[in-house]
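Visitor: Data file start_18.csv (CSV, C-alpha atoms and all ligand atoms) is appended below.
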```
chain,number,residue,atom,x,y,z
U,1451,MET,CA,-67.6,16.8,-61.9
U,1452,ALA,CA,-71.0,15.0,-62.0
U,1453,LYS,CA,-71.2,11.9,-59.8
U,1454,SER,CA,-71.2,8.5,-61.6
U,1455,GLN,CA,-74.2,6.3,-61.3
U,1456,PHE,CA,-72.2,3.9,-59.1
U,1457,LEU,CA,-71.4,6.7,-56.6
U,1458,ILE,CA,-75.1,7.6,-56.5
U,1459,ASP,CA,-76.2,3.9,-56.2
U,1460,ALA,CA,-73.8,3.1,-53.4
U,1461,GLY,CA,-74.0,6.5,-51.7
U,1462,VAL,CA,-70.2,6.5,-51.1
U,1463,GLU,CA,-67.4,9.0,-51.7
U,1464,HIS,CA,-64.9,6.8,-53.6
U,1465,PRO,CA,-65.7,4.3,-56.4
U,1466,ILE,CA,-64.0,1.5,-54.4
U,1467,ILE,CA,-65.7,-1.7,-53.1
U,1468,CYS,CA,-64.1,-4.1,-50.7
U,1469,GLY,CA,-65.5,-7.2,-52.3
U,1470,PRO,CA,-67.2,-9.8,-50.2
U,1471,MET,CA,-64.6,-12.4,-49.0
U,1472,TYR,CA,-65.2,-15.8,-47.4
U,1473,PRO,CA,-63.5,-16.1,-44.9
U,1474,CYS,CA,-61.7,-12.7,-44.8
U,1475,SER,CA,-64.6,-10.3,-44.5
U,1476,ASN,CA,-64.4,-9.7,-40.7
U,1477,PRO,CA,-66.7,-6.9,-39.3
U,1478,GLU,CA,-63.8,-4.5,-38.6
U,1479,LEU,CA,-62.5,-4.7,-42.2
U,1480,VAL,CA,-66.0,-4.2,-43.7
U,1481,ALA,CA,-66.6,-1.2,-41.4
U,1482,ALA,CA,-63.2,0.4,-42.0
U,1483,VAL,CA,-63.7,0.4,-45.8
U,1484,SER,CA,-67.0,2.2,-45.4
U,1485,SER,CA,-65.6,4.6,-42.9
U,1486,SER,CA,-62.8,5.4,-45.3
U,1487,GLY,CA,-65.3,6.4,-48.0
U,1488,GLY,CA,-65.4,3.1,-50.0
U,1489,LEU,CA,-68.1,0.4,-49.8
U,1490,GLY,CA,-67.6,-2.4,-47.3
U,1491,VAL,CA,-69.5,-5.5,-48.2
U,1492,ILE,CA,-70.8,-8.0,-45.7
U,1493,GLN,CA,-70.3,-11.7,-46.6
U,1494,PRO,CA,-73.0,-13.3,-44.4
U,1495,ILE,CA,-71.4,-16.8,-44.2
U,1496,SER,CA,-68.1,-15.3,-43.2
U,1497,LEU,CA,-69.8,-13.1,-40.6
U,1498,THR,CA,-71.8,-16.0,-39.0
U,1499,TYR,CA,-69.8,-19.2,-39.6
U,1500,VAL,CA,-66.2,-17.8,-39.5
U,1501,HIS,CA,-66.5,-14.8,-37.2
U,1502,GLY,CA,-69.2,-16.3,-35.0
U,1503,TYR,CA,-71.9,-13.7,-35.0
U,1504,ASP,CA,-75.6,-14.1,-35.1
U,1505,PHE,CA,-76.3,-12.3,-38.4
U,1506,ARG,CA,-78.4,-9.5,-36.9
U,1507,GLU,CA,-76.0,-9.0,-34.0
U,1508,GLY,CA,-73.0,-9.0,-36.4
U,1509,LEU,CA,-74.6,-6.4,-38.7
U,1510,ALA,CA,-75.5,-4.3,-35.6
U,1511,TYR,CA,-71.8,-4.5,-34.5
U,1512,ILE,CA,-70.6,-3.3,-38.0
U,1513,GLN,CA,-73.1,-0.5,-37.9
U,1514,SER,CA,-71.8,0.5,-34.4
U,1515,LEU,CA,-68.3,0.9,-36.0
U,1516,THR,CA,-69.5,3.0,-39.0
U,1517,SER,CA,-72.4,5.1,-39.9
U,1518,LYS,CA,-71.6,5.0,-43.6
U,1519,PRO,CA,-73.4,2.9,-46.2
U,1520,LEU,CA,-72.7,-0.9,-46.3
U,1521,GLY,CA,-73.3,-3.5,-49.0
U,1522,MET,CA,-74.1,-7.1,-48.6
U,1523,ASN,CA,-73.3,-10.2,-50.8
U,1524,LEU,CA,-75.8,-12.9,-51.5
U,1525,LEU,CA,-74.5,-16.1,-53.1
U,1526,ILE,CA,-77.8,-17.1,-54.6
U,1527,GLU,CA,-77.1,-20.5,-56.2
U,1528,LYS,CA,-80.0,-22.7,-55.2
U,1529,SER,CA,-78.1,-25.6,-53.7
U,1530,SER,CA,-80.7,-26.5,-51.1
U,1531,LYS,CA,-84.0,-25.1,-49.7
U,1532,LYS,CA,-82.4,-24.7,-46.3
U,1533,TYR,CA,-79.6,-22.5,-47.7
U,1534,HIS,CA,-82.1,-20.5,-49.8
U,1535,ASP,CA,-84.3,-19.9,-46.7
U,1536,LYS,CA,-81.2,-18.7,-44.8
U,1537,MET,CA,-80.3,-16.2,-47.6
U,1538,LEU,CA,-83.9,-15.0,-47.6
U,1539,GLU,CA,-83.8,-14.5,-43.8
U,1540,TRP,CA,-80.5,-12.6,-44.0
U,1541,LEU,CA,-81.8,-10.5,-46.8
U,1542,ASP,CA,-84.9,-9.5,-44.8
U,1543,ILE,CA,-82.8,-8.6,-41.8
U,1544,ALA,CA,-80.3,-6.6,-43.8
U,1545,LEU,CA,-83.2,-4.6,-45.5
U,1546,ASP,CA,-84.8,-4.2,-42.1
U,1547,MET,CA,-81.6,-2.8,-40.7
U,1548,GLY,CA,-81.1,-0.3,-43.5
U,1549,VAL,CA,-78.7,-2.0,-46.0
U,1550,ARG,CA,-79.6,-0.9,-49.5
U,1551,PHE,CA,-76.8,-2.1,-51.7
U,1552,PHE,CA,-76.6,-5.8,-52.7
U,1553,ILE,CA,-74.1,-7.8,-54.7
U,1554,THR,CA,-75.5,-11.1,-56.0
U,1555,SER,CA,-73.3,-13.9,-57.3
U,1556,LEU,CA,-74.2,-17.0,-59.2
U,1557,GLY,CA,-77.8,-18.0,-59.8
U,1558,LYS,CA,-80.8,-15.9,-61.0
U,1559,PRO,CA,-81.1,-12.7,-59.0
U,1560,ASP,CA,-84.8,-12.0,-59.8
U,1561,TRP,CA,-86.2,-12.6,-56.3
U,1562,VAL,CA,-83.5,-10.5,-54.7
U,1563,VAL,CA,-84.1,-7.6,-57.2
U,1564,GLU,CA,-87.8,-7.8,-56.6
U,1565,LYS,CA,-87.4,-7.5,-52.8
U,1566,VAL,CA,-84.6,-5.0,-52.8
U,1567,HIS,CA,-86.4,-2.7,-55.3
U,1568,GLN,CA,-89.4,-2.6,-53.0
U,1569,TYR,CA,-87.2,-0.9,-50.4
U,1570,GLY,CA,-85.6,1.5,-53.0
U,1571,GLY,CA,-82.4,-0.5,-52.9
U,1572,ILE,CA,-79.9,-1.5,-55.6
U,1573,VAL,CA,-78.6,-4.8,-56.9
U,1574,TYR,CA,-75.4,-5.3,-58.8
U,1575,HIS,CA,-74.6,-8.8,-60.1
U,1576,ASP,CA,-71.2,-10.6,-60.6
U,1577,VAL,CA,-70.7,-11.6,-64.2
U,1578,THR,CA,-67.8,-13.2,-66.1
U,1579,GLU,CA,-69.3,-13.1,-69.5
U,1580,THR,CA,-72.1,-11.6,-71.7
U,1581,LYS,CA,-74.5,-14.5,-71.3
U,1582,TRP,CA,-74.7,-14.1,-67.5
U,1583,ALA,CA,-75.0,-10.3,-67.9
U,1584,GLU,CA,-78.0,-10.8,-70.2
U,1585,LYS,CA,-79.7,-13.1,-67.7
U,1586,ALA,CA,-79.0,-10.7,-64.8
U,1587,ILE,CA,-80.4,-7.7,-66.8
U,1588,ALA,CA,-83.5,-9.7,-67.6
U,1589,ALA,CA,-83.9,-10.2,-63.9
U,1590,GLY,CA,-83.7,-6.4,-63.4
U,1591,VAL,CA,-80.3,-5.7,-61.9
U,1592,ASP,CA,-79.0,-2.1,-61.7
U,1593,GLY,CA,-75.4,-2.7,-62.4
U,1594,LEU,CA,-72.8,-5.4,-63.3
U,1595,ILE,CA,-69.6,-6.4,-61.5
U,1596,ALA,CA,-67.2,-7.7,-64.2
U,1597,VAL,CA,-65.1,-10.4,-62.7
U,1598,ASN,CA,-62.0,-10.8,-64.8
U,1599,ASN,CA,-59.2,-13.4,-65.1
U,1600,ARG,CA,-57.0,-11.7,-62.5
U,1601,ALA,CA,-59.5,-11.8,-59.7
U,1602,GLY,CA,-59.2,-13.5,-56.4
U,1603,GLY,CA,-62.0,-15.9,-55.4
U,1604,HIS,CA,-63.9,-17.4,-58.4
U,1605,ALA,CA,-61.9,-15.9,-61.3
U,1606,GLY,CA,-63.4,-15.1,-64.7
U,1607,GLN,CA,-61.8,-16.1,-68.0
U,1608,GLN,CA,-61.5,-12.8,-69.8
U,1609,PRO,CA,-59.1,-9.8,-69.4
U,1610,CYS,CA,-60.7,-6.7,-67.9
U,1611,ASN,CA,-60.6,-4.6,-71.1
U,1612,HIS,CA,-62.4,-7.3,-73.2
U,1613,LEU,CA,-65.0,-7.7,-70.6
U,1614,LEU,CA,-65.7,-4.0,-70.4
U,1615,GLN,CA,-66.0,-3.7,-74.2
U,1616,GLN,CA,-68.8,-6.4,-74.1
U,1617,LEU,CA,-70.6,-5.2,-71.0
U,1618,GLN,CA,-70.7,-1.5,-71.9
U,1619,ALA,CA,-73.2,-2.3,-74.6
U,1620,PHE,CA,-75.8,-2.9,-71.9
U,1621,ASN,CA,-75.7,0.7,-70.7
U,1622,LEU,CA,-75.5,-0.1,-67.0
U,1623,PRO,CA,-72.7,0.9,-64.5
U,1624,VAL,CA,-69.9,-1.7,-64.7
U,1625,VAL,CA,-67.5,-2.4,-61.9
U,1626,CYS,CA,-64.0,-3.9,-62.5
U,1627,ALA,CA,-63.3,-6.8,-60.2
U,1628,GLY,CA,-59.8,-8.3,-60.3
U,1629,GLY,CA,-56.2,-7.2,-60.4
U,1630,ILE,CA,-56.5,-3.8,-58.8
U,1631,ALA,CA,-54.0,-3.0,-56.1
U,1632,THR,CA,-52.1,0.1,-57.3
U,1633,ARG,CA,-53.1,3.7,-58.1
U,1634,ALA,CA,-52.1,3.1,-61.8
U,1635,ALA,CA,-54.4,0.1,-62.1
U,1636,TYR,CA,-57.2,2.0,-60.4
U,1637,GLN,CA,-56.9,5.0,-62.6
U,1638,ASP,CA,-56.6,2.8,-65.8
U,1639,ALA,CA,-59.8,1.0,-64.8
U,1640,LEU,CA,-61.7,4.3,-64.3
U,1641,SER,CA,-60.4,6.0,-67.3
U,1642,SER,CA,-61.2,3.0,-69.6
U,1643,GLY,CA,-64.9,3.3,-68.6
U,1644,TYR,CA,-65.4,1.3,-65.4
U,1645,GLN,CA,-67.4,3.3,-62.9
U,1646,ALA,CA,-65.7,1.6,-59.9
U,1647,VAL,CA,-63.4,-1.1,-58.8
U,1648,GLN,CA,-64.0,-4.1,-56.5
U,1649,MET,CA,-60.9,-5.2,-54.7
U,1650,GLY,CA,-60.3,-8.2,-52.4
U,1651,THR,CA,-56.6,-9.3,-52.2
U,1652,ARG,CA,-55.3,-5.8,-51.4
U,1653,PHE,CA,-57.6,-5.5,-48.5
U,1654,ILE,CA,-56.5,-8.8,-47.0
U,1655,ALA,CA,-53.1,-7.3,-46.5
U,1656,SER,CA,-54.5,-4.6,-44.3
U,1657,GLU,CA,-54.3,-4.0,-40.6
U,1658,GLU,CA,-58.0,-4.3,-40.1
U,1659,CYS,CA,-58.3,-7.7,-41.8
U,1660,SER,CA,-58.2,-10.4,-39.2
U,1661,ALA,CA,-56.4,-12.9,-41.5
U,1662,SER,CA,-53.3,-14.4,-39.9
U,1663,MET,CA,-49.9,-12.8,-40.4
U,1664,PRO,CA,-48.6,-15.8,-42.4
U,1665,TYR,CA,-51.5,-15.3,-44.8
U,1666,LYS,CA,-50.7,-11.6,-45.2
U,1667,LEU,CA,-47.0,-12.3,-45.6
U,1668,ALA,CA,-47.7,-14.9,-48.2
U,1669,ILE,CA,-49.6,-12.3,-50.2
U,1670,ILE,CA,-46.7,-9.8,-49.9
U,1671,LYS,CA,-44.2,-12.5,-51.0
U,1672,ALA,CA,-46.3,-13.9,-53.9
U,1673,GLN,CA,-45.5,-13.0,-57.5
U,1674,GLU,CA,-48.1,-13.2,-60.2
U,1675,LYS,CA,-46.8,-16.6,-61.2
U,1676,ASP,CA,-47.4,-17.9,-57.6
U,1677,ILE,CA,-51.2,-17.5,-58.1
U,1678,VAL,CA,-52.8,-20.6,-59.5
U,1679,LEU,CA,-56.4,-21.8,-60.2
U,1680,THR,CA,-57.7,-24.7,-58.3
U,1681,GLU,CA,-60.9,-26.6,-59.1
U,1682,ARG,CA,-60.7,-28.6,-55.9
U,1683,MET,CA,-62.5,-26.0,-53.9
U,1684,THR,CA,-65.9,-25.9,-55.6
U,1685,GLY,CA,-65.4,-27.7,-58.9
U,1686,VAL,CA,-64.9,-24.4,-60.7
U,1687,PRO,CA,-61.6,-22.4,-60.8
U,1688,VAL,CA,-60.7,-20.4,-57.7
U,1689,SER,CA,-57.5,-18.3,-57.4
U,1690,VAL,CA,-55.2,-19.4,-54.6
U,1691,ILE,CA,-51.5,-19.0,-53.6
U,1692,ASN,CA,-49.5,-22.0,-54.7
U,1693,THR,CA,-48.5,-23.2,-51.2
U,1694,PRO,CA,-47.3,-26.6,-50.2
U,1695,TYR,CA,-51.0,-27.5,-49.2
U,1696,ILE,CA,-52.2,-26.7,-52.7
U,1697,GLN,CA,-49.3,-28.7,-54.2
U,1698,ARG,CA,-50.2,-31.7,-52.0
U,1699,GLN,CA,-53.8,-31.4,-53.0
U,1700,GLY,CA,-53.4,-30.9,-56.7
U,1701,LEU,CA,-55.4,-28.4,-58.8
U,1702,THR,CA,-58.0,-30.7,-60.3
U,1703,PRO,CA,-60.7,-32.9,-58.8
U,1704,ASN,CA,-59.9,-36.6,-58.4
U,1705,ARG,CA,-61.4,-39.3,-60.7
U,1706,LEU,CA,-64.5,-39.9,-58.7
U,1707,GLU,CA,-65.1,-36.1,-58.2
U,1708,ARG,CA,-64.6,-35.5,-62.0
U,1709,TRP,CA,-67.1,-38.3,-62.8
U,1710,MET,CA,-69.7,-36.8,-60.4
U,1711,LEU,CA,-69.1,-33.3,-61.7
U,1712,ALA,CA,-69.8,-34.5,-65.3
U,1713,HIS,CA,-73.1,-36.1,-64.3
U,1714,ARG,CA,-76.1,-33.9,-63.9
U,1715,LYS,CA,-77.6,-36.1,-61.2
U,1716,PHE,CA,-74.5,-35.8,-59.0
U,1717,LYS,CA,-73.1,-32.4,-59.9
U,1718,HIS,CA,-74.8,-30.5,-57.2
U,1719,LEU,CA,-74.0,-33.1,-54.5
U,1720,ILE,CA,-70.3,-33.2,-55.3
U,1721,ARG,CA,-70.1,-29.4,-55.5
U,1722,THR,CA,-71.7,-29.1,-52.1
U,1723,ILE,CA,-69.4,-31.7,-50.6
U,1724,LEU,CA,-66.3,-29.9,-52.0
U,1725,ALA,CA,-67.6,-26.5,-50.9
U,1726,LEU,CA,-68.3,-27.7,-47.4
U,1727,LYS,CA,-64.9,-29.3,-47.0
U,1728,SER,CA,-63.3,-26.0,-48.3
U,1729,LEU,CA,-65.4,-23.8,-46.1
U,1730,LYS,CA,-63.9,-25.6,-43.1
U,1731,SER,CA,-60.3,-25.7,-44.3
U,1732,LEU,CA,-60.4,-22.0,-45.3
U,1733,LYS,CA,-61.8,-21.1,-41.9
U,1734,ASP,CA,-59.0,-23.1,-40.2
U,1735,SER,CA,-56.4,-21.5,-42.4
U,1736,LEU,CA,-57.6,-17.9,-41.7
U,1737,ALA,CA,-56.7,-17.8,-38.1
U,1738,ASP,CA,-53.7,-20.1,-38.0
U,1739,GLU,CA,-50.8,-17.9,-36.8
U,1740,LYS,CA,-48.4,-20.8,-37.3
U,1741,GLY,CA,-49.1,-20.8,-41.0
U,1742,SER,CA,-49.3,-24.6,-41.1
U,1743,HIS,CA,-52.8,-24.4,-42.6
U,1744,ASP,CA,-51.7,-22.7,-45.8
U,1745,TYR,CA,-54.9,-22.7,-47.8
U,1746,TRP,CA,-55.0,-19.1,-48.9
U,1747,GLN,CA,-57.1,-17.4,-51.7
U,1748,ALA,CA,-55.6,-14.4,-53.5
U,1749,GLY,CA,-55.7,-12.9,-57.0
U,1750,LYS,CA,-52.8,-11.9,-59.3
U,1751,SER,CA,-52.7,-8.4,-57.8
U,1752,ALA,CA,-50.8,-10.1,-55.0
U,1753,GLY,CA,-47.7,-9.4,-57.2
U,1754,ASP,CA,-48.2,-5.7,-56.7
U,1755,ILE,CA,-48.7,-5.7,-52.9
U,1756,SER,CA,-45.7,-5.2,-50.7
U,1757,SER,CA,-46.9,-4.0,-47.3
U,1758,VAL,CA,-49.6,-4.4,-44.7
U,1759,ILE,CA,-51.1,-0.9,-44.2
U,1760,THR,CA,-54.4,0.4,-42.9
U,1761,VAL,CA,-57.5,0.5,-45.0
U,1762,GLN,CA,-57.5,4.3,-44.9
U,1763,GLN,CA,-53.9,4.3,-46.3
U,1764,ILE,CA,-54.9,1.8,-49.1
U,1765,ILE,CA,-57.8,4.1,-50.2
U,1766,ASP,CA,-55.7,7.2,-49.9
U,1767,GLU,CA,-52.9,5.6,-52.0
U,1768,LEU,CA,-55.4,4.8,-54.7
U,1769,THR,CA,-57.4,8.0,-54.8
U,1770,ASP,CA,-55.0,10.6,-53.5
U,1771,ASN,CA,-58.3,12.0,-52.3
U,1772,THR,CA,-58.8,13.7,-55.8
U,1773,ASP,CA,-61.8,11.9,-57.2
U,1774,THR,CA,-64.6,13.1,-55.0
N,1801,LIG,C1,-60.1,-14.5,-50.1
N,1801,LIG,C2,-61.2,-14.2,-51.1
N,1801,LIG,C3,-62.5,-14.6,-50.9
N,1801,LIG,C4,-63.5,-14.2,-51.7
N,1801,LIG,N1,-64.8,-14.6,-51.4
N,1801,LIG,C5,-65.8,-14.1,-52.2
N,1801,LIG,C6,-67.2,-14.4,-51.8
N,1801,LIG,O1,-67.4,-15.1,-50.8
N,1801,LIG,N2,-68.2,-13.9,-52.6
N,1801,LIG,C7,-67.9,-13.2,-53.7
N,1801,LIG,O2,-68.9,-12.8,-54.4
N,1801,LIG,N3,-66.6,-12.9,-54.1
N,1801,LIG,C8,-65.6,-13.4,-53.3
N,1801,LIG,N4,-64.3,-13.0,-53.7
N,1801,LIG,C9,-64.1,-12.1,-54.8
N,1801,LIG,C10,-63.9,-10.6,-54.3
N,1801,LIG,O3,-65.1,-10.1,-53.8
N,1801,LIG,C11,-63.4,-9.7,-55.4
N,1801,LIG,O4,-64.3,-9.7,-56.5
N,1801,LIG,C12,-62.0,-10.1,-55.9
N,1801,LIG,O5,-61.2,-10.3,-54.8
N,1801,LIG,C13,-61.4,-9.0,-56.7
N,1801,LIG,O6,-60.2,-9.4,-57.2
N,1801,LIG,P1,-58.8,-9.0,-56.4
N,1801,LIG,O7,-58.6,-10.1,-55.3
N,1801,LIG,O8,-57.8,-9.2,-57.5
N,1801,LIG,O9,-58.9,-7.6,-55.9
N,1801,LIG,C14,-63.3,-13.4,-52.8
N,1801,LIG,C15,-61.9,-13.0,-53.1
N,1801,LIG,C16,-60.9,-13.4,-52.2
N,1801,LIG,C17,-59.5,-12.9,-52.5
```
Before we go any further, please render this structure as structure tokens.
Guide:
Amino acid sequence: MAKSQFLIDAGVEHPIICGPMYPCSNPELVAAVSSSGGLGVIQPISLTYVHGYDFREGLAYIQSLTSKPLGMNLLIEKSSKKYHDKMLEWLDIALDMGVRFFITSLGKPDWVVEKVHQYGGIVYHDVTETKWAEKAIAAGVDGLIAVNNRAGGHAGQQPCNHLLQQLQAFNLPVVCAGGIATRAAYQDALSSGYQAVQMGTRFIASEECSASMPYKLAIIKAQEKDIVLTERMTGVPVSVINTPYIQRQGLTPNRLERWMLAHRKFKHLIRTILALKSLKSLKDSLADEKGSHDYWQAGKSAGDISSVITVQQIIDELTDNTDT
């Protein structure tokens, strides 16, 4: 069978991306996914701030664990010049070290596309609806990652089939992000027209992910109804497990935060404050083996996950090694 455009673009064996995850993308997880024939994606803030690597050294470490292709995520929202300059520096290092597949989220990816294409690389952009896809395509991206309403992290609003119907019109490869943890869901996504899947939650409950055991067990225990959307993390809905911490915090911003979010002048400031607070809390929760920091992101596919297994087993279960 002819290879899909995604398999050609990513240079991998299976159409499976382990999506970038702050704070869960530890180097061993990223490398294990690539070694197993999928695409491991580096989340640079996770690599440096959570897992403590200098970016170049962290990437070199991942490359010492696998010789297979890797991807890298760039959250390109222009929140500050300092952050933008850091992203630019990380992008240059990644290109210098041979990374050729990039996933951009938020913002306008034109400057990433321009740089990456000079190296013969590829850029796919996260989208939740048509208007973002149109902007990304105008910026020259090579593919779209369709983030649906079951995804972990920043969830979309639409079910995966609606999103596909709209995005297929653009004639670019489309990847399904959200809700995939079983072979049936994986096969449904591919047979409906998606060229690949991007999974996060399933890979947290893997042996190679360095998340704490209480976090992994909470994913195993969670049913779909236990996954809720909170706006307290960044001002826009993020999927989390409904733990006592989340219940204490509430799901919506307080009055002052709401007021600031509604005013153009303060919107960026309050989103930055909320995000910085969350980055720290999520980092603390990741490694807390007592489980007392129970601030845990996960998508609705948690309801389909019942074991902690290796990355290779996860990929084998999905593919049965028949789709190469
Ligand atoms: C814990 C967690 C953290 C995430 N962090 C990011 C991130 O930093 N950048 C990003 O583009 N997507 C992020 N995502 C989204 C994933 O890359 C992926 O698209 C999503 O998990 C797919 O949905 P699933 O969890 O149902 O498999 C995150 C998801 C999870 C579960």
Visitor: Give me the residues within 10 Å of U:Glu1564 as a list in words, counting only C-alpha atoms and dropping any in the same chain fewer than 5 places off.
Guide: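 Here the qualifying residues turn out to be Pro1559, Tyr1569, Gly1571, Val1573, Ala1589, Gly1590 and Val1591 of chain U.
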Visitor: So that I can check the surroundings of U:His1604, please list as a compact mmCIF listing (two decimals) with C-alpha atoms, in the frame of the given file every protein, DNA and RNA residue that reaches within 10 Å of it, counting only C-alpha atoms and ignoring chain neighbours fewer than 3 positions away.
Guide:
```txt
# COMPACT_ATOMS: atom_id res chain seq x y z
CA THR U 1578 -67.80 -13.20 -66.10
CA VAL U 1597 -65.10 -10.40 -62.70
CA ASN U 1598 -62.00 -10.80 -64.80
CA ASN U 1599 -59.20 -13.40 -65.10
CA ARG U 1600 -57.00 -11.70 -62.50
CA ALA U 1601 -59.50 -11.80 -59.70
CA GLN U 1607 -61.80 -16.10 -68.00
CA LEU U 1679 -56.40 -21.80 -60.20
CA THR U 1680 -57.70 -24.70 -58.30
CA GLU U 1681 -60.90 -26.60 -59.10
CA MET U 1683 -62.50 -26.00 -53.90
CA THR U 1684 -65.90 -25.90 -55.60
CA VAL U 1686 -64.90 -24.40 -60.70
CA PRO U 1687 -61.60 -22.40 -60.80
CA VAL U 1688 -60.70 -20.40 -57.70
CA SER U 1689 -57.50 -18.30 -57.40
CA VAL U 1690 -55.20 -19.40 -54.60
CA GLN U 1747 -57.10 -17.40 -51.70
CA GLY U 1749 -55.70 -12.90 -57.00
```
Visitor: Under the rule that only C-alpha atoms are counted, which of U:Thr1769, U:Asn1523, U:Gln1616, U:Gln1699 is the nearest residue to U:Leu1640?
Guide: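 Closest to U:Leu1640, using only C-alpha atoms: U:Thr1769.
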Visitor: Just checking: using all atoms listed in the file, which residue out of U:Ser1660, U:Gln1673, U:Gln1648, U:Ser1517 ends up closest to ligand LIG 1801 (chain N)?
Guide: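 Comparing U:Ser1660, U:Gln1673, U:Gln1648, U:Ser1517 against ligand LIG 1801 (chain N), the winner is U:Gln1648.
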Visitor: Report as a list in words all protein, DNA and RNA residues lying within 8 Å of stretch 1478-1490 of chain U, evaluated on all atoms listed in the file, omitting residues in the same chain fewer than 3 positions from it.
Guide: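 Using all atoms listed in the file, the neighbours found are Ala1460, Val1462, Glu1463, His1464, Pro1465, Ile1466, Ile1467, Cys1468, Gly1469, Pro1470, Ser1475, Ile1512, Gln1513, Leu1515, Thr1516, Ser1517, Lys1518, Pro1519, Leu1520, Gly1521, Glu1658, Cys1659, Ser1660, Val1761, Gln1762 and Ile1765 of chain U.
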Visitor: Compare U:Asp1592, U:Asp1744, U:Glu1767, U:Glu1527 by their minimum atom-to-atom distance to U:Ala1635, counting all atoms listed in the file, and give me the closest one.
Guide: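 Smallest separation from U:Ala1635 among the options: U:Glu1767.
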Visitor: I'd like the interatomic distance between atom C15 of ligand LIG 1801 (chain N) and atom CA of U:Thr1651, to a tenth of an Å.
Guide: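 Separation of atom C15 of ligand LIG 1801 (chain N) and atom CA of U:Thr1651: 6.5 Å.
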Visitor: Just give me the residues with any atom within 12 Å of (-49.4, -14.1, -42.7), file coordinates, counting all atoms listed in the file, written as number ranges by chain.
Guide: U: 1654-1657, 1659-1672, 1735-1746, 1757-1758
Visitor: Give the answer as one residue: which of U:Val1625, U:Phe1620, U:His1713, U:Asn1611 has the shortest atom-to-atom distance to U:His1575, using only C-alpha atoms?
Guide: U:Val1625
Visitor: Find, counting all atoms listed in the file, the residue in U:Arg1682, U:Lys1531, U:Leu1594, U:Ala1583 that gets nearest to U:Ser1731.
Guide: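 Once distances to U:Ser1731 are computed over all atoms listed in the file, the minimum belongs to U:Arg1682.
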Visitor: Between atom CA of U:Asp1459 and atom CA of U:Ala1596, what distance in Å does the model show, to one decimal?
Guide: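 It comes out at 16.7 Å.
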Visitor: Mind listing whatever residues come within 10 Å of the point (-76.3, -11.4, -38.1)? Use all atoms listed in the file, file coordinates, and give them as a ChimeraX atom specification.
Guide: /U:1492,1494-1495,1497-1498,1502-1512,1539-1540,1543-1544
Visitor: Which of these residues is nearest to U:Gln1608, using all atoms listed in the file: U:Ser1728, U:Thr1580, U:Ser1514, U:Asn1704?
Guide: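 Of U:Ser1728, U:Thr1580, U:Ser1514, U:Asn1704, the one nearest U:Gln1608, counting all atoms listed in the file, is U:Thr1580.
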Visitor: May I ask for the distance between atom CA of U:Met1471 and atom O8 of ligand LIG 1801 (chain N), given in Å to one decimal place?
Guide: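 Pair atom CA of U:Met1471 / atom O8 of ligand LIG 1801 (chain N) returns 11.3 Å.
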Visitor: Could you give me the axis-aligned bounding box of stretch 1580-1585 of chain U, with 6 Å of padding per side, as centre plus edge lengths in Å to one decimal, as AutoDock Vina command-line options?
Guide:
```
--center_x -75.9 --center_y -12.4 --center_z -69.6 --size_x 19.6 --size_y 16.2 --size_z 16.2
```
Visitor: List as a ChimeraX atom specification the protein and nucleic acid residues near U:Leu1524, meaning an atom at most 7 Å away when all atoms listed in the file are counted, but skip any in the same chain fewer than 2 places from it.
Guide: /U:1522,1526,1537,1553-1555
Visitor: Tell me, as a PyMOL selection string, which residues lie within 8 Å of U:Pro1473, counting only C-alpha atoms; anything in the same chain fewer than 3 positions away does not count.
Guide: chain U and resi 1476+1495-1496+1500+1732-1733+1736
Visitor: Complete stretch 1569-1576 of chain U with N, CA and C atoms (output as a PDB file, keeping the file's coordinate frame).
Guide:
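The file below, result_28.pdb, is the result:
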```pdb
ATOM      1  N   TYR U1569     -87.727  -1.746 -51.487  1.00  0.00           N
ATOM      2  CA  TYR U1569     -87.200  -0.900 -50.400  1.00  0.00           C
ATOM      3  C   TYR U1569     -86.379   0.302 -51.047  1.00  0.00           C
ATOM      4  N   GLY U1570     -86.413   0.429 -52.349  1.00  0.00           N
ATOM      5  CA  GLY U1570     -85.600   1.500 -53.000  1.00  0.00           C
ATOM      6  C   GLY U1570     -84.149   1.170 -53.055  1.00  0.00           C
ATOM      7  N   GLY U1571     -83.807  -0.099 -52.894  1.00  0.00           N
ATOM      8  CA  GLY U1571     -82.400  -0.500 -52.900  1.00  0.00           C
ATOM      9  C   GLY U1571     -81.887  -0.848 -54.298  1.00  0.00           C
ATOM     10  N   ILE U1572     -80.634  -1.257 -54.324  1.00  0.00           N
ATOM     11  CA  ILE U1572     -79.900  -1.500 -55.600  1.00  0.00           C
ATOM     12  C   ILE U1572     -79.274  -2.854 -55.576  1.00  0.00           C
ATOM     13  N   VAL U1573     -79.269  -3.503 -56.758  1.00  0.00           N
ATOM     14  CA  VAL U1573     -78.600  -4.800 -56.900  1.00  0.00           C
ATOM     15  C   VAL U1573     -77.626  -4.790 -58.047  1.00  0.00           C
ATOM     16  N   TYR U1574     -76.368  -5.116 -57.755  1.00  0.00           N
ATOM     17  CA  TYR U1574     -75.400  -5.300 -58.800  1.00  0.00           C
ATOM     18  C   TYR U1574     -75.086  -6.841 -58.816  1.00  0.00           C
ATOM     19  N   HIS U1575     -74.838  -7.377 -60.016  1.00  0.00           N
ATOM     20  CA  HIS U1575     -74.600  -8.800 -60.100  1.00  0.00           C
ATOM     21  C   HIS U1575     -73.228  -9.127 -60.670  1.00  0.00           C
ATOM     22  N   ASP U1576     -72.556 -10.108 -60.081  1.00  0.00           N
ATOM     23  CA  ASP U1576     -71.200 -10.600 -60.600  1.00  0.00           C
ATOM     24  C   ASP U1576     -71.404 -11.300 -61.889  1.00  0.00           C
TER      25      ASP U1576
END
```
